[in-house]
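Chemist: Take a look at work.txt, compact mmCIF, C-alpha atoms:
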```
# COMPACT_ATOMS: atom_id res chain seq x y z
CA MET A 122 0.00 0.00 0.00
CA VAL A 123 1.34 3.41 -0.97
CA GLU A 124 1.67 5.72 2.01
CA GLU A 125 -0.59 8.76 1.78
CA THR A 126 0.86 12.24 1.78
CA PRO A 127 -0.06 14.69 4.57
CA TRP A 128 -2.28 16.49 2.05
CA GLN A 129 -4.16 13.32 1.16
CA GLN A 130 -4.64 12.60 4.86
CA ALA A 131 -5.91 16.13 5.48
CA LEU A 132 -8.54 15.60 2.77
CA ARG A 133 -9.95 12.40 4.24
CA TYR A 134 -13.43 12.82 5.68
CA ALA A 135 -12.33 11.17 8.94
CA ASN A 136 -10.02 14.16 9.47
CA ARG A 137 -12.47 16.89 8.44
CA ALA A 138 -13.02 18.05 12.02
CA ASN A 139 -9.29 18.52 12.60
CA PRO A 140 -7.01 18.71 9.56
CA TYR A 141 -4.46 20.85 11.39
CA PRO A 142 -1.97 18.13 12.47
CA PHE A 143 -1.68 17.15 8.79
CA TYR A 144 -1.22 20.79 7.76
CA GLU A 145 1.65 20.96 10.26
CA GLU A 146 3.33 18.04 8.50
CA LEU A 147 2.56 19.56 5.11
CA ARG A 148 4.29 22.85 5.97
CA LYS A 149 7.60 21.02 6.38
CA GLN A 150 7.66 21.11 2.57
CA PRO A 151 6.05 24.46 1.69
CA VAL A 152 5.48 23.52 -1.95
CA ALA A 153 4.71 19.82 -2.24
CA ARG A 154 4.05 17.90 -5.46
CA GLN A 155 1.22 15.40 -5.05
CA PRO A 156 0.88 12.04 -6.82
CA ASP A 157 -1.71 13.52 -9.20
CA GLY A 158 0.67 16.29 -10.34
CA THR A 159 -0.90 19.03 -8.26
CA TYR A 160 1.40 21.35 -6.33
CA VAL A 161 0.05 22.16 -2.86
CA VAL A 162 1.36 25.36 -1.27
CA SER A 163 0.84 25.41 2.50
CA THR A 164 2.88 28.25 4.01
CA TYR A 165 1.79 31.86 4.45
CA ARG A 166 4.70 33.62 2.75
CA GLU A 167 4.63 31.42 -0.33
CA ILE A 168 0.83 31.63 -0.73
CA VAL A 169 0.89 35.43 -0.49
CA ALA A 170 3.66 35.55 -3.09
CA LEU A 171 1.66 33.41 -5.51
CA LEU A 172 -1.55 35.38 -4.92
CA HIS A 173 0.27 38.44 -6.28
CA ASP A 174 2.20 36.64 -9.04
CA PRO A 175 0.94 37.33 -12.60
CA ARG A 176 2.43 34.01 -13.67
CA VAL A 177 -0.36 32.26 -11.73
CA SER A 178 -3.66 31.93 -13.58
CA SER A 179 -7.07 31.50 -11.97
CA ASP A 180 -8.65 30.39 -15.25
CA PRO A 181 -9.13 26.60 -15.52
CA ARG A 182 -9.26 26.97 -19.30
CA LYS A 183 -5.54 27.79 -19.22
CA CYS A 184 -4.60 24.65 -17.31
CA PRO A 185 -3.79 21.94 -19.88
CA VAL A 186 -3.84 19.20 -17.23
CA PRO A 187 -6.77 19.70 -14.81
CA ALA A 188 -6.22 18.68 -11.22
CA VAL A 189 -7.34 15.11 -10.76
CA THR A 190 -7.62 12.62 -7.96
CA GLN A 191 -7.32 8.88 -8.03
CA ALA A 192 -10.67 8.81 -9.79
CA GLU A 193 -11.85 11.64 -12.02
CA GLY A 194 -11.39 15.39 -12.11
CA PRO A 195 -13.36 16.37 -9.01
CA ALA A 196 -14.23 19.82 -10.29
CA GLU A 197 -15.74 18.51 -13.53
CA PRO A 198 -19.39 18.36 -12.35
CA ILE A 199 -19.41 22.11 -11.88
CA ARG A 200 -17.02 23.13 -14.64
CA GLU A 201 -18.81 21.06 -17.24
CA ALA A 202 -22.16 22.56 -16.34
CA LEU A 203 -20.99 26.19 -16.57
CA THR A 204 -20.32 27.47 -20.08
CA GLU A 205 -18.65 30.72 -18.97
CA PRO A 206 -16.21 31.74 -16.22
CA ASN A 207 -17.00 33.95 -13.25
CA ILE A 208 -14.82 36.52 -11.53
CA ILE A 209 -12.90 33.95 -9.47
CA THR A 210 -12.19 31.71 -12.48
CA CYS A 211 -10.84 34.22 -14.98
CA ASP A 212 -7.79 36.47 -15.34
CA PRO A 213 -7.22 40.11 -16.27
CA PRO A 214 -8.36 41.92 -18.32
CA GLU A 215 -11.59 39.87 -18.33
CA HIS A 216 -11.58 39.63 -14.55
CA ASP A 217 -10.91 43.34 -14.02
CA ARG A 218 -13.71 44.43 -16.36
CA ASP A 219 -16.32 42.13 -14.82
CA ARG A 220 -15.31 42.97 -11.27
CA ARG A 221 -15.51 46.70 -12.02
CA MET A 222 -19.03 46.19 -13.32
CA MET A 223 -20.14 44.16 -10.29
CA MET A 224 -18.52 45.90 -7.34
CA PRO A 225 -20.58 49.12 -7.25
CA HIS A 226 -23.75 47.06 -6.83
CA PHE A 227 -22.43 44.90 -4.01
CA VAL A 228 -19.86 46.59 -1.80
CA GLY A 229 -21.01 50.13 -2.42
CA PRO A 230 -18.18 52.70 -2.25
CA PRO A 231 -17.49 54.92 -4.00
CA HIS A 232 -20.73 54.67 -5.99
CA ALA A 233 -23.05 53.78 -3.10
CA PRO A 234 -21.11 54.34 0.14
CA ASP A 235 -24.04 53.44 2.41
CA LEU A 236 -24.97 50.17 0.72
CA ILE A 237 -23.54 47.89 3.42
CA SER A 238 -24.13 50.12 6.43
CA ASP A 239 -27.77 50.55 5.43
CA LEU A 240 -28.19 46.78 5.84
CA GLU A 241 -27.14 46.89 9.51
CA PRO A 242 -30.64 47.46 10.95
CA GLU A 243 -32.04 44.65 8.80
CA ILE A 244 -29.28 42.27 9.92
CA HIS A 245 -29.97 43.17 13.56
CA ARG A 246 -33.67 42.54 12.97
CA ILE A 247 -33.05 39.11 11.42
CA VAL A 248 -30.60 38.06 14.15
CA GLY A 249 -32.97 39.27 16.86
CA GLY A 250 -35.84 37.33 15.33
CA LEU A 251 -33.79 34.13 15.10
CA LEU A 252 -32.80 34.40 18.75
CA ASP A 253 -36.38 35.24 19.79
CA ASP A 254 -37.51 32.05 18.03
CA MET A 255 -35.23 30.07 20.36
CA LYS A 256 -37.11 31.17 23.47
CA GLY A 257 -38.61 28.22 25.29
CA LYS A 258 -36.10 25.77 23.79
CA ASN A 259 -33.40 23.98 25.74
CA ARG A 260 -31.57 22.67 22.68
CA ILE A 261 -30.82 24.46 19.41
CA ASP A 262 -28.83 23.73 16.27
CA ALA A 263 -26.43 26.62 15.75
CA VAL A 264 -26.35 25.85 12.03
CA ASP A 265 -29.98 25.29 11.06
CA ASP A 266 -31.49 27.67 13.61
CA PHE A 267 -28.94 30.48 13.38
CA ALA A 268 -25.91 30.32 11.09
CA TYR A 269 -27.81 29.43 7.90
CA PRO A 270 -30.98 31.60 7.94
CA LEU A 271 -29.19 34.93 8.39
CA PRO A 272 -26.78 35.03 5.43
CA VAL A 273 -29.18 33.37 3.01
CA THR A 274 -31.86 35.94 3.84
CA VAL A 275 -29.41 38.81 3.45
CA ILE A 276 -27.92 37.65 0.15
CA CYS A 277 -31.37 37.13 -1.35
CA LYS A 278 -32.24 40.72 -0.42
CA VAL A 279 -28.98 42.14 -1.82
CA LEU A 280 -29.20 40.23 -5.10
CA GLY A 281 -32.95 40.37 -5.59
CA VAL A 282 -33.49 36.62 -5.41
CA PRO A 283 -36.95 35.62 -4.12
CA LEU A 284 -36.47 34.13 -0.66
CA GLU A 285 -39.21 31.58 -1.39
CA ASP A 286 -36.81 30.00 -3.92
CA GLU A 287 -34.26 29.29 -1.17
CA PRO A 288 -35.19 25.60 -0.66
CA ARG A 289 -34.58 24.94 -4.35
CA PHE A 290 -31.16 26.53 -4.67
CA HIS A 291 -30.09 25.26 -1.24
CA GLN A 292 -30.59 21.70 -2.46
CA TRP A 293 -28.76 22.38 -5.73
CA ILE A 294 -25.79 23.84 -3.85
CA GLU A 295 -25.64 20.95 -1.40
CA THR A 296 -25.81 18.40 -4.21
CA ALA A 297 -23.11 20.15 -6.24
CA LEU A 298 -20.75 20.46 -3.29
CA ASP A 299 -21.22 16.82 -2.32
CA ALA A 300 -20.08 15.91 -5.84
CA LEU A 301 -16.64 17.43 -5.23
CA ASP A 302 -13.91 15.37 -3.63
CA PHE A 303 -10.18 16.02 -3.88
CA GLY A 304 -8.99 13.24 -1.62
CA PRO A 305 -8.37 9.49 -1.65
CA GLU A 306 -12.07 8.73 -1.24
CA ALA A 307 -12.80 10.21 -4.68
CA ALA A 308 -12.16 6.75 -6.12
CA SER A 309 -15.15 5.32 -4.28
CA GLU A 310 -18.35 4.39 -6.06
CA GLU A 311 -20.27 6.64 -3.68
CA ILE A 312 -18.38 9.76 -4.82
CA ARG A 313 -18.56 8.75 -8.47
CA SER A 314 -22.29 8.34 -8.22
CA ARG A 315 -22.60 11.88 -6.88
CA GLN A 316 -20.88 13.40 -9.92
CA ALA A 317 -23.83 13.05 -12.29
CA GLY A 318 -26.13 14.48 -9.65
CA GLY A 319 -23.73 17.39 -9.23
CA ARG A 320 -23.83 18.18 -12.92
CA ARG A 321 -27.61 18.10 -12.99
CA ALA A 322 -27.82 20.30 -9.92
CA VAL A 323 -25.57 22.99 -11.43
CA GLN A 324 -27.44 22.84 -14.72
CA GLU A 325 -30.79 23.28 -12.95
CA PHE A 326 -29.34 26.05 -10.80
CA GLY A 327 -28.04 27.77 -13.93
CA GLN A 328 -31.43 27.47 -15.62
CA PHE A 329 -33.07 29.02 -12.57
CA ALA A 330 -30.56 31.90 -12.62
CA GLY A 331 -31.08 32.45 -16.35
CA GLU A 332 -34.85 32.62 -15.95
CA LEU A 333 -34.49 35.10 -13.08
CA LEU A 334 -32.20 37.30 -15.16
CA ASP A 335 -34.63 37.14 -18.11
CA ARG A 336 -37.44 38.22 -15.80
CA TYR A 337 -35.45 41.25 -14.66
CA ALA A 338 -34.56 42.09 -18.27
CA ARG A 339 -38.29 42.27 -19.05
CA GLN A 340 -39.24 44.03 -15.83
CA PRO A 341 -36.47 45.59 -13.72
CA GLY A 342 -36.74 45.12 -9.98
CA PRO A 343 -34.75 45.55 -6.77
CA GLY A 344 -31.28 44.18 -6.19
CA MET A 345 -27.93 43.68 -7.83
CA LEU A 346 -28.98 41.18 -10.49
CA SER A 347 -31.56 43.50 -12.01
CA ALA A 348 -29.00 46.32 -12.01
CA LEU A 349 -26.45 44.18 -13.86
CA VAL A 350 -28.94 42.96 -16.43
CA ASN A 351 -30.09 46.46 -17.25
CA GLU A 352 -26.85 48.39 -16.87
CA ASP A 353 -25.53 50.23 -19.94
CA GLY A 354 -22.17 51.50 -18.79
CA GLN A 355 -19.07 52.44 -20.74
CA GLU A 356 -18.02 48.79 -20.84
CA GLY A 357 -21.39 47.53 -22.00
CA ARG A 358 -23.19 44.58 -20.47
CA MET A 359 -22.01 41.15 -19.47
CA SER A 360 -22.99 38.31 -21.76
CA LYS A 361 -25.83 36.09 -20.63
CA GLY A 362 -23.48 33.18 -19.91
CA VAL A 363 -21.12 35.30 -17.80
CA LEU A 364 -24.08 36.77 -15.92
CA VAL A 365 -25.44 33.31 -15.16
CA SER A 366 -22.05 32.04 -13.97
CA ASN A 367 -21.53 35.07 -11.73
CA THR A 368 -25.10 34.86 -10.42
CA LEU A 369 -24.46 31.31 -9.26
CA LEU A 370 -21.21 32.44 -7.66
CA LEU A 371 -22.88 35.35 -5.85
CA ILE A 372 -25.77 33.29 -4.53
CA PHE A 373 -23.43 30.56 -3.39
CA ALA A 374 -20.49 32.59 -2.08
CA GLY A 375 -22.80 35.22 -0.65
CA HIS A 376 -24.01 32.89 2.04
CA GLU A 377 -22.17 29.54 2.08
CA THR A 378 -18.89 30.76 3.54
CA THR A 379 -20.67 33.04 6.03
CA VAL A 380 -22.73 30.09 7.27
CA ASN A 381 -19.52 28.19 7.97
CA LEU A 382 -17.92 31.19 9.64
CA ILE A 383 -20.85 31.80 12.01
CA ALA A 384 -21.12 28.10 12.83
CA HIS A 385 -17.38 27.76 13.42
CA SER A 386 -17.34 30.94 15.50
CA VAL A 387 -20.01 29.57 17.84
CA LEU A 388 -18.26 26.20 17.97
CA THR A 389 -14.86 27.76 18.68
CA LEU A 390 -16.15 30.05 21.43
CA LEU A 391 -17.95 27.18 23.13
CA ARG A 392 -14.67 25.27 23.07
CA HIS A 393 -12.94 28.30 24.61
CA PRO A 394 -15.21 29.39 27.50
CA ASP A 395 -12.66 31.97 28.72
CA ALA A 396 -12.79 33.70 25.32
CA LEU A 397 -16.59 33.50 25.32
CA GLU A 398 -16.74 35.15 28.74
CA THR A 399 -14.20 37.80 27.69
CA LEU A 400 -16.32 38.66 24.67
CA ARG A 401 -19.43 38.84 26.83
CA ARG A 402 -17.72 41.26 29.22
CA ARG A 403 -16.03 43.23 26.44
CA PRO A 404 -18.33 43.37 23.42
CA ASP A 405 -15.96 45.90 21.83
CA LEU A 406 -13.69 42.96 21.04
CA ILE A 407 -16.14 41.61 18.48
CA VAL A 408 -14.36 43.31 15.54
CA PRO A 409 -10.84 41.94 16.21
CA GLY A 410 -12.47 38.79 17.55
CA VAL A 411 -14.16 38.00 14.25
CA GLU A 412 -10.83 38.50 12.44
CA GLU A 413 -9.26 35.97 14.78
CA LEU A 414 -12.13 33.54 14.26
CA LEU A 415 -11.64 33.96 10.50
CA ARG A 416 -8.00 33.01 10.91
CA TYR A 417 -8.57 30.21 13.39
CA GLU A 418 -11.15 28.32 11.32
CA SER A 419 -10.92 29.32 7.66
CA SER A 420 -14.23 29.00 5.83
CA VAL A 421 -12.35 28.36 2.58
CA GLN A 422 -9.65 25.79 3.29
CA PHE A 423 -7.99 25.91 -0.13
CA TRP A 424 -8.59 26.96 -3.69
CA HIS A 425 -8.14 24.71 -6.66
CA THR A 426 -8.46 26.49 -10.03
CA ARG A 427 -5.03 28.10 -10.20
CA SER A 428 -2.21 26.96 -12.47
CA ALA A 429 1.26 28.06 -13.55
CA LEU A 430 1.46 30.01 -16.82
CA GLU A 431 5.22 29.41 -16.85
CA ASP A 432 7.82 27.71 -14.65
CA ILE A 433 7.78 29.25 -11.17
CA ASP A 434 10.68 28.78 -8.73
CA ILE A 435 9.50 29.09 -5.15
CA ALA A 436 10.69 27.72 -1.77
CA GLY A 437 13.29 25.54 -3.45
CA THR A 438 10.79 23.90 -5.80
CA THR A 439 9.98 24.55 -9.44
CA ILE A 440 6.29 24.49 -10.26
CA PRO A 441 6.31 23.62 -13.97
CA LYS A 442 4.31 25.48 -16.56
CA GLY A 443 0.76 24.14 -16.77
CA ALA A 444 0.79 22.48 -13.34
CA PRO A 445 -2.32 22.84 -11.15
CA ILE A 446 -1.69 24.77 -7.91
CA PHE A 447 -3.71 24.40 -4.72
CA LEU A 448 -3.32 27.23 -2.20
CA ALA A 449 -4.02 25.89 1.30
CA TYR A 450 -5.40 28.91 3.17
CA GLY A 451 -6.36 26.84 6.20
CA SER A 452 -2.75 25.81 6.63
CA ALA A 453 -1.31 29.28 6.01
CA ASN A 454 -3.56 30.76 8.70
CA ARG A 455 -1.93 28.41 11.22
CA ASP A 456 1.65 28.99 9.99
CA PRO A 457 3.91 29.61 13.03
CA GLU A 458 6.33 31.53 10.81
CA ARG A 459 3.63 34.19 10.42
CA PHE A 460 1.43 33.91 13.53
CA THR A 461 2.67 33.56 17.11
CA ASP A 462 1.11 30.53 18.81
CA PRO A 463 -1.14 29.94 15.78
CA ASP A 464 -3.13 27.14 17.41
CA GLU A 465 -4.15 29.45 20.25
CA LEU A 466 -7.27 31.64 20.04
CA ASP A 467 -6.35 35.28 20.76
CA LEU A 468 -9.23 37.73 20.36
CA GLU A 469 -6.77 40.63 20.51
CA ARG A 470 -4.16 39.18 18.18
CA PRO A 471 -2.04 42.02 16.74
CA ASP A 472 -1.25 42.38 13.03
CA ASN A 473 -3.78 39.69 12.13
CA GLN A 474 -3.36 39.71 8.34
CA HIS A 475 -5.06 36.35 7.82
CA LEU A 476 -6.04 34.87 4.46
CA GLY A 477 -9.66 34.25 5.39
CA PHE A 478 -10.74 36.34 2.40
CA SER A 479 -7.66 35.61 0.27
CA GLN A 480 -5.50 38.45 -1.10
CA GLY A 481 -4.62 40.05 -4.40
CA ILE A 482 -6.99 40.70 -7.28
CA HIS A 483 -9.30 37.89 -6.14
CA PHE A 484 -9.75 39.24 -2.61
CA CYS A 485 -13.35 38.54 -1.64
CA PHE A 486 -15.35 41.63 -2.50
CA GLY A 487 -18.15 40.42 -0.25
CA ALA A 488 -15.86 40.69 2.79
CA PRO A 489 -17.43 43.90 4.20
CA LEU A 490 -20.89 42.32 4.20
CA ALA A 491 -19.66 39.02 5.65
CA ARG A 492 -17.79 40.81 8.42
CA LEU A 493 -20.85 42.84 9.37
CA GLU A 494 -23.10 39.77 9.43
CA VAL A 495 -20.73 37.74 11.59
CA GLN A 496 -19.98 40.60 13.98
CA ILE A 497 -23.68 41.13 14.64
CA ALA A 498 -24.60 37.44 14.74
CA VAL A 499 -21.80 36.29 17.03
CA GLY A 500 -22.02 39.39 19.23
CA GLU A 501 -25.75 38.90 19.81
CA PHE A 502 -25.37 35.13 20.33
CA VAL A 503 -22.79 35.76 23.05
CA ARG A 504 -24.93 38.48 24.66
CA ARG A 505 -28.32 36.78 24.61
CA VAL A 506 -27.84 33.00 24.83
CA ARG A 507 -27.73 31.78 28.42
CA ASN A 508 -25.13 29.17 29.32
CA PRO A 509 -24.65 27.56 25.87
CA ARG A 510 -23.02 24.11 25.98
CA LEU A 511 -21.86 21.84 23.19
CA VAL A 512 -23.80 18.59 22.97
CA GLU A 513 -21.35 16.87 20.66
CA ASP A 514 -17.67 17.60 20.06
CA PRO A 515 -16.63 17.34 17.35
CA PRO A 516 -19.99 17.81 15.68
CA PRO A 517 -20.73 16.17 12.33
CA TYR A 518 -19.02 17.88 9.41
CA ARG A 519 -20.15 18.40 5.85
CA HIS A 520 -18.49 16.33 3.18
CA ASN A 521 -16.97 19.13 1.11
CA GLN A 522 -13.31 19.88 1.77
CA ILE A 523 -12.99 23.37 0.26
CA PHE A 524 -15.88 24.97 2.16
CA ARG A 525 -15.21 23.11 5.38
CA GLY A 526 -17.86 23.54 8.04
CA PRO A 527 -20.02 21.64 10.51
CA ARG A 528 -23.30 20.26 9.20
CA HIS A 529 -24.92 20.67 12.62
CA VAL A 530 -23.82 22.17 15.93
CA PRO A 531 -26.28 21.02 18.63
CA VAL A 532 -26.13 23.29 21.68
CA ASP A 533 -27.91 23.02 25.02
CA ILE A 534 -29.00 26.38 26.44
CA ASP A 535 -30.70 27.72 29.56
CA GLY A 536 -32.74 30.31 27.72
CA ILE A 537 -32.55 33.54 25.72
CA ARG A 538 -32.05 36.98 27.24
CA ASP A 539 -34.10 39.90 25.97
```
How does the structure come out when it is put into structure tokens?
Modeler:
Amino acid sequence: MVEETPWQQALRYANRANPYPFYEELRKQPVARQPDGTYVVSTYREIVALLHDPRVSSDPRKCPVPAVTQAEGPAEPIREALTEPNIITCDPPEHDRDRRMMMPHFVGPPHAPDLISDLEPEIHRIVGGLLDDMKGKNRIDAVDDFAYPLPVTVICKVLGVPLEDEPRFHQWIETALDALDFGPEAASEEIRSRQAGGRRAVQEFGQFAGELLDRYARQPGPGMLSALVNEDGQEGRMSKGVLVSNTLLLIFAGHETTVNLIAHSVLTLLRHPDALETLRRRPDLIVPGVEELLRYESSVQFWHTRSALEDIDIAGTTIPKGAPIFLAYGSANRDPERFTDPDELDLERPDNQHLGFSQGIHFCFGAPLARLEVQIAVGEFVRRVRNPRLVEDPPPYRHNQIFRGPRHVPVDIDGIRD
């Protein structure tokens, strides 16, 4: 039997709750070639360098040899179903043009400087309602009852997606993500059987998005999607295929990673009662505290669509032209060469330049909204939930390795404060 690499071990579902010991082993070789030809980069300095290196492409169309596992290309169910790239799977100048067209409608400044701040009362209202709904209960699920409803409600409002359609696209997203596997288990019949379902899910999701865009083209309405469909700026309009691909990205990324971040924040604080009590006594720490929670449990563990446009020499290794590159953010955020005592939770950690939202041209432009949502959600959870206690540790985790997060976090409570 061939011994598995630390990266392969980190990707096994059995290690989903705690991949960090394997990341520690992985960092001993900052740039490590895997048996499938992928180069995994696991250290902070090297990942930051590559995030700013124009020789690294984010466009899978430029990678002649797609990243594969022992079975099939794990990203194929999604890539095959999307005919056009989105802003995280294309390079300049295409990326820069599309991002310029999208940003004013999502993050606001300088075109709409109050776009995010104007959402603050609505976010408080949603969080307050979710916590009020917990009154009378002695057990809650921090995912289903709290972490999921907030960001999905907010992103539907921002984009102009009817909230009543949430059950449909939630199922499509879950099915598509379950079809992805980058580890040794990808060779199993179970994972192979999910691939066809993943393709269908993305195709149906794309059809839904296309119909919604067509509706807004006929009759403009509220939200970002209507604005993009009907915008006639200096750079024209996006093509229908690019709009559909970016719509799927925005619906998905606009809530999925925030769900994981809220759920992991609750889980981490319940594992660190001293930090929970500190945050309760000093609510002003919520802003640096959320940054630390972002570092401590990265919602995006790695990214997989990058490749080398030419030979790249880094950390004593040459990544050859055309090779797939995986950037392991979850490992970099625990790199002791960058963060003092990286496995310790420090709500007042200085100079906390984590990679929770990546860096460079693909820095998450939804970061201001995500930060606001998590600051309000976690702050109010800490303030209002009486004596929360983990029922199960570790809780069950979702299958997907990229967007790592608990599927459920059952919590016993003694009530909800007003």
Chemist: What are the nearest atom pairs, with distances in Å to one decimal, for all residues of region 389-505 of chain A that come at most 12 Å from region 236-242 of chain A, using all atoms listed in the file, set out by chain and rising residue number as a Markdown table?
Modeler:
```
| residue | atom | partner | partner_atom | distance |
| --- | --- | --- | --- | --- |
| A:Phe486 | CA | A:Ile237 | CA | 11.9 |
| A:Gly487 | CA | A:Ile237 | CA | 9.9 |
| A:Ala488 | CA | A:Ile237 | CA | 10.5 |
| A:Pro489 | CA | A:Ile237 | CA | 7.3 |
| A:Leu490 | CA | A:Ile237 | CA | 6.2 |
| A:Ala491 | CA | A:Ile237 | CA | 9.9 |
| A:Arg492 | CA | A:Ile237 | CA | 10.4 |
| A:Leu493 | CA | A:Glu241 | CA | 7.5 |
| A:Glu494 | CA | A:Glu241 | CA | 8.2 |
| A:Val495 | CA | A:Glu241 | CA | 11.4 |
| A:Gln496 | CA | A:Glu241 | CA | 10.5 |
| A:Ile497 | CA | A:Glu241 | CA | 8.5 |
| A:Ala498 | CA | A:Glu241 | CA | 11.1 |
```
Chemist: Restricting the calculation to all atoms listed in the file, which member of A:Arg221, A:Arg148, A:Leu400, A:Gly319 is positioned closest to Tyr165 (chain A)?
Modeler: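 Closest to Tyr165 (chain A), using all atoms listed in the file: A:Arg148.
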Chemist: Choose the residue, out of A:Ser360, A:Thr438, A:Thr368, A:Asn381, that has the smallest atom-to-atom separation from Gly327 (chain A); count only C-alpha atoms.
Modeler: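 Among A:Ser360, A:Thr438, A:Thr368, A:Asn381, it is A:Thr368 that comes nearest to Gly327 (chain A).
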Chemist: What is the CA of Pro509 (chain A) to CA of Val275 (chain A) distance in Å?
Modeler: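 If I compute the distance from CA of Pro509 (chain A) to CA of Val275 (chain A), I get 25.5 Å.
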Chemist: In Å to one decimal, how far is CA of Tyr144 (chain A) from CA of Ile435 (chain A)?
Modeler: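 Interatomic distance, CA of Ile435 (chain A) to CA of Tyr144 (chain A): 18.7 Å.
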